[in-house]
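This report concerns only the one structure given below.
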Amino acid sequence: SELTDVSGPEDGNRRTRKEIDRKRLARASSDAQTVKLADLINNSDSIIQYDQGFAKIYMQEKLRLMVVLTRGDSTRFNRALKIIEDYHGSR
């Protein structure tokens, strides 16, 4: 699947693995990018609410990911971007 992470622990630390997966998502179809945006939207609220420590890492990763999700549905893209911007603006 286009959305399955291809990195593994042997590829390095979390940041390195996320970069490998980000590069793969940059080449993903518009449908796959739209699903990824929906996933980000769906997961963000609960992560921010229930795991504030991880939320800092997660939202920073998602901000970097948004750069490559430009072929996804524009409504979902804008909604995901707003969630990220609101999170960073509230800090």
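Going through the structure tokens in order, the chains are called A, B, and so on, while each chain numbers its residues from 1 and the ligands are numbered from 1 in the order shown.
Within 12 Å of Tyr87 in chain A, once only C-alpha atoms are used and residues closer than 6 positions along the same chain are dropped, the contacting residues are Ser44, Asp45, Ile47, Ile48, Gln49, Gln52, Ala55, Lys56, Ile57, Tyr58, Met59, Gln60, Lys62, Leu63, Ala80 and Leu81 of chain A.
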Fill in: Best match for closeness to Thr16 in chain A among A:Ser1, A:Glu61, A:Thr75, A:Ile41, counting only C-alpha atoms
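Once distances to Thr16 in chain A are computed over only C-alpha atoms, the minimum belongs to A:Glu61.
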Discussion item. At a cut-off of 12 Å, using only C-alpha atoms, what residues contact range 68-70 of chain A? Leave out same-chain residues fewer than 4 positions from it and give the result as number ranges by chain.
Written reply: A: 19, 21-38, 40, 61-64, 74-78, 80-81
Worksheet entry | CA of Arg79 in chain A to CA of Asn43 in chain A, distance in Å rounded to a single decimal | 12.8 Å
